[in-house]
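J.: Let me begin by handing over the structure; questions about it come next.
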Amino acid sequence: MSYRRSWSKVFEAQEFIAGDCSIAWGCPEPCPIHAPYCYRAPASAGTDKVGTMRLLDPLAIKSIMSGTKQKLLKLTVYGMVTDFWGWYAAAAWIRLVADSAEIFKRDVFHAGDSWRLNEFALDRDVSTVNNLDVQFREDCAGYTGYVTLHCSQIKLDAEYYAETPPVTATVKLSIKNSKTEALVKDAYVALMSGAVIVADGYTDGGEVIFEKVDEGSYTVKVLAGGYYAFEKSIDVTPPSVWYDVKIVPIPVTPIPSWVWYVGGGIAALGAVTIIPSIIKRKPEDKVIVVR
């Protein structure tokens, strides 16, 4: 008898390196705003190629899914375009390469100033594959500076079958601010196997504990006010595991000083208008209520 196991992986920026990046303007680089899982692409007027990124260490299928009937189920990519002025052009694609042969390629669509989800059903048998590479390309032109093309939170979901039943373990997660290392209270945390929520809850003092979780690979999804939605891959092994999950705060745009001056001016103007009317009121004026 064999037992179905699920496997998922959320890739972070440092897991990719530059591939065929030959232009003078440079390759995509980790985004300092949304690190560790975003890339930004530098562009310059007239530039029409930025470069291809590939995994530093391709996935050894037999090692990460030690069993039989290994199958890729879904590929998910988040995309966004920000930080540009004037005319620009941007495009991106993502592909999977199995033992040097391309087995999947799709365009990744971006949306201005908002996250856009790109989900692709795969249903690809990789039981005979040794190494799997994930590659993506970000092209842009017509702008001098940085165009943030977020090929971020690239995620793979897969399944395989093992001969032995899974053993359960305890999972402890500490949710922290990536900038200050402070624990984040009241964050929603879900432990997911593919699209299925295995366990979920809210952080108590910044931590959450899930009991009796089957061993295997999972995705931790975190939602918290003032932070970007975050996903991270973890491996659960008995008897227990403890992970620090660092989520990225959303930058707060400071209010320009001129706003305070304008606000102060409006308040002062209101005072000038109201105060004379109060002064002019006669002491003997009364309000008469008609019943």
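Chain labels A, B, ... are given in the sequence in which chains occur in the structure tokens; within each chain residues are numbered consecutively from 1, and ligands are likewise numbered from 1 in the order shown.
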If you run DSSP on this backbone, which residues of stretch 173-202 of chain A come out as strand (DSSP E), and could you give them as a VMD selection string?
T.: chain A and resid 173 to 177 188 to 193 196 to 202
J.: Would you output that residue set with C-alpha atoms, as an mmCIF file, in the first residue's frame?
T.:
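After the write, again_17.cif holds the following:
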data_model
loop_
_atom_site.group_PDB
_atom_site.id
_atom_site.type_symbol
_atom_site.label_atom_id
_atom_site.label_comp_id
_atom_site.auth_asym_id
_atom_site.auth_seq_id
_atom_site.Cartn_x
_atom_site.Cartn_y
_atom_site.Cartn_z
ATOM 1 C CA LEU A 173 5.890 29.170 14.408
ATOM 2 C CA SER A 174 7.200 32.543 15.576
ATOM 3 C CA ILE A 175 5.945 35.406 13.389
ATOM 4 C CA LYS A 176 8.354 38.354 13.365
ATOM 5 C CA ASN A 177 8.727 41.778 11.784
ATOM 6 C CA TYR A 188 -3.488 34.883 11.042
ATOM 7 C CA VAL A 189 -1.377 31.823 10.259
ATOM 8 C CA ALA A 190 -2.409 28.917 8.040
ATOM 9 C CA LEU A 191 -0.475 25.721 7.439
ATOM 10 C CA MET A 192 -1.340 24.581 3.922
ATOM 11 C CA SER A 193 -0.896 21.435 1.882
ATOM 12 C CA VAL A 196 -5.945 22.656 1.639
ATOM 13 C CA ILE A 197 -5.655 24.312 5.062
ATOM 14 C CA VAL A 198 -4.264 21.668 7.419
ATOM 15 C CA ALA A 199 -4.263 23.893 10.510
ATOM 16 C CA ASP A 200 -4.770 27.585 11.199
ATOM 17 C CA GLY A 201 -5.054 30.097 14.019
ATOM 18 C CA TYR A 202 -3.935 33.496 15.332
#
J.: Looking at A:Cys38, A:Thr180, A:Gln135, A:Asp214, which one is nearest to A:Ala18, with distances taken over only C-alpha atoms?
T.: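 The answer is A:Gln135, which sits nearest to A:Ala18.
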J.: Could you tell me how far atom CA of A:Leu55 lies from atom CA of A:Ile17, in Å and to one decimal?
T.: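 Result for atom CA of A:Leu55 versus atom CA of A:Ile17: 6.2 Å, one decimal.
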J.: For A:Gln153, please output as an NGL selection string all residues within 9 Å (counting only C-alpha atoms; exclusion window: fewer than 3 positions along the same chain).
T.: :A and (10-13 or 37-38 or 76-79 or 150 or 230-232)
J.: Rank nothing, just name the residue among A:Ser240, A:Leu122, A:Ala229, A:Ile247 nearest to A:Val184, using only C-alpha atoms.
T.: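 Nearest candidate to A:Val184 out of A:Ser240, A:Leu122, A:Ala229, A:Ile247: A:Ile247.
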